[in-house]
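Down below is the structure, laid out as structure tokens.
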Amino acid sequence: MDIDLAQIAISSALSGSWKEACTTNQKILTKDPKDIDALNRLARAYVELGEVTKAKKTAEKVLKIDPFNTIAAKSLRKWKGLKRGETQKTSILPAQLFLEEPGRTKIVSLLHVADGKVLAKLDAGDEVSVNHRSHRISVLTPEGKYVGRLPDDLSARLRKLINHGYQYKIVVKSIEEGEAKIFIREVARPKEFEDLNSFPAEKIDYVSFTPPELVHKREGISSPVEEVEESF
């Protein structure tokens, strides 16, 4: 594989220069007609240019070489309803997909993102997963490839919430060269933590006064929510 040409093809895709991406991948394939990555990139470039038939045939060629290639199989499913002249961009994401909900959703810019080869295979709306077993939470593609990681403070908070039973749906918000943003939505939380939001609002510093009689009444009383909040 020509690494320089492959990098040019990836950069072209990330910048939306689909004609250049198409030409570059074709050059790679003249040297190696069975280059799976180049074929997948070419299929993507074709569909973005409205060449749906060519895109499907190219993806089918990938599956003949590698019958278990998940990228080509996923692409064919995604393009099934496209007609000639239409592009992938005409497909509309559900309006509620990125609907923000205070305390339950958050847009996050990932740190230490993967190289362009991985990012080029992701689209807005693609669902991703997380690995929360380590100290830092990593975001993974459906195939288990590393995409990037969450900031340390958010990783620490979400790890604790997940361990307490919180559940999340995470999708790609946007992909650009060297940058990946995800949209995290809380989809379930334990009943005992119904008042504990996943993503609290920014705190405002202020001085408050609590009457002594209320302080005495609360002494020795703590809720599961308070105990968890104190651990953050």
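In the structure tokens, chains take the letters A, B, ... in the order shown, each chain's residues start at 1, and ligands count up from 1 in the order shown.
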
Compile a residue-level contact table for region 87-164 of chain A against region 9-19 of chain A at a cut-off of 12 Å, reporting for every qualifying residue the shortest atom pair and its distance in Å to one decimal, with only C-alpha atoms counted, rows ordered by chain and ascending number, as a tab-separated table.
residue	atom	partner	partner_atom	distance
A:Thr87	CA	A:Trp18	CA	11.5
A:Lys89	CA	A:Gly16	CA	11.3
A:Asp115	CA	A:Ile10	CA	9.5
A:Gly116	CA	A:Ile10	CA	6.1
A:Lys117	CA	A:Ile10	CA	6.2
A:Val118	CA	A:Ile10	CA	9.3
A:Leu119	CA	A:Leu14	CA	8.0
A:Ala120	CA	A:Leu14	CA	6.1
A:Lys121	CA	A:Ile10	CA	9.5
A:Leu122	CA	A:Leu14	CA	10.0
A:Asp123	CA	A:Leu14	CA	10.4

**OP:** Identify all residues of region 61-175 of chain A in strand (DSSP E or B) (DSSP on the backbone) and supply them as a ChimeraX atom specification.
**Re:** /A:105-109,111,127-131,138-140,146-149,167-175

Hey, what's within 12 Å of region 51-58 of chain A if we count only C-alpha atoms and toss same-chain stuff fewer than 3 positions away? As a JSON list (two decimals) with C-alpha atoms, in the first residue's frame, please?
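Contents of around_15.json, freshly written:
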[["chain", "number", "residue", "atom", "x", "y", "z"],
["A", 18, "TRP", "CA", -14.57, 13.81, -2.78],
["A", 19, "LYS", "CA", -13.35, 14.14, -6.38],
["A", 22, "CYS", "CA", -11.92, 9.35, -5.71],
["A", 25, "ASN", "CA", -8.00, 5.93, -4.30],
["A", 26, "GLN", "CA", -8.18, 4.92, -7.95],
["A", 29, "LEU", "CA", -6.02, 0.54, -6.79],
["A", 33, "PRO", "CA", -6.68, -3.82, -7.01],
["A", 34, "LYS", "CA", -7.42, -5.74, -3.81],
["A", 35, "ASP", "CA", -6.58, -2.96, -1.36],
["A", 36, "ILE", "CA", -9.63, -3.24, 0.93],
["A", 37, "ASP", "CA", -9.17, 0.15, 2.59],
["A", 38, "ALA", "CA", -8.84, 1.94, -0.75],
["A", 39, "LEU", "CA", -11.92, 0.17, -2.11],
["A", 40, "ASN", "CA", -13.98, 1.17, 0.92],
["A", 41, "ARG", "CA", -12.77, 4.76, 0.64],
["A", 42, "LEU", "CA", -13.54, 4.79, -3.09],
["A", 43, "ALA", "CA", -17.05, 3.49, -2.47],
["A", 44, "ARG", "CA", -17.62, 6.27, 0.05],
["A", 45, "ALA", "CA", -16.28, 8.88, -2.38],
["A", 46, "TYR", "CA", -18.57, 7.58, -5.14],
["A", 47, "VAL", "CA", -21.68, 7.82, -2.99],
["A", 48, "GLU", "CA", -20.80, 11.34, -1.86],
["A", 61, "LYS", "CA", -16.23, -6.02, -4.70],
["A", 62, "VAL", "CA", -14.92, -5.60, -1.15],
["A", 63, "LEU", "CA", -17.26, -8.34, 0.09],
["A", 64, "LYS", "CA", -16.07, -10.69, -2.63],
["A", 65, "ILE", "CA", -12.52, -10.24, -1.37],
["A", 71, "ILE", "CA", -17.60, -1.49, 6.65],
["A", 72, "ALA", "CA", -18.72, -2.61, 3.19],
["A", 73, "ALA", "CA", -21.70, -4.52, 4.59],
["A", 74, "LYS", "CA", -22.79, -1.53, 6.66],
["A", 75, "SER", "CA", -22.39, 0.80, 3.68],
["A", 76, "LEU", "CA", -24.56, -1.35, 1.44],
["A", 77, "ARG", "CA", -27.30, -1.41, 4.07],
["A", 78, "LYS", "CA", -27.06, 2.37, 4.47],
["A", 79, "TRP", "CA", -27.16, 2.99, 0.70],
["A", 80, "LYS", "CA", -29.97, 0.56, -0.04],
["A", 81, "GLY", "CA", -32.56, 3.30, -0.46],
["A", 82, "LEU", "CA", -30.36, 5.71, -2.41],
["A", 83, "LYS", "CA", -31.04, 6.31, -6.08],
["A", 84, "ARG", "CA", -28.65, 7.43, -8.78],
["A", 85, "GLY", "CA", -27.75, 11.09, -8.40],
["A", 86, "GLU", "CA", -28.55, 11.14, -4.69],
["A", 87, "THR", "CA", -25.75, 11.42, -2.17],
["A", 88, "GLN", "CA", -25.37, 10.04, 1.30]]

Could you produce a table of the residues of region 26-111 of chain A lying within 8 Å of region 178-200 of chain A, with the nearest pair of atoms per residue and their separation in Å rounded to one decimal, using only C-alpha atoms, ordered by chain and increasing residue number, as CSV?
residue,atom,partner,partner_atom,distance
A:Phe98,CA,A:Phe183,CA,7.0
A:Pro102,CA,A:Phe199,CA,7.7
A:Gly103,CA,A:Phe199,CA,4.6
A:Arg104,CA,A:Glu186,CA,5.1
A:Thr105,CA,A:Arg185,CA,4.5
A:Lys106,CA,A:Ile184,CA,5.3
A:Ile107,CA,A:Phe183,CA,4.6
A:Val108,CA,A:Ile182,CA,5.4
A:Ser109,CA,A:Lys181,CA,4.4
A:Leu110,CA,A:Ala180,CA,5.8

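Closest to Asn69 (chain A) among A:Glu143, A:Glu20, A:Asn131, A:Ile8 is A:Glu143, based on only C-alpha atoms.
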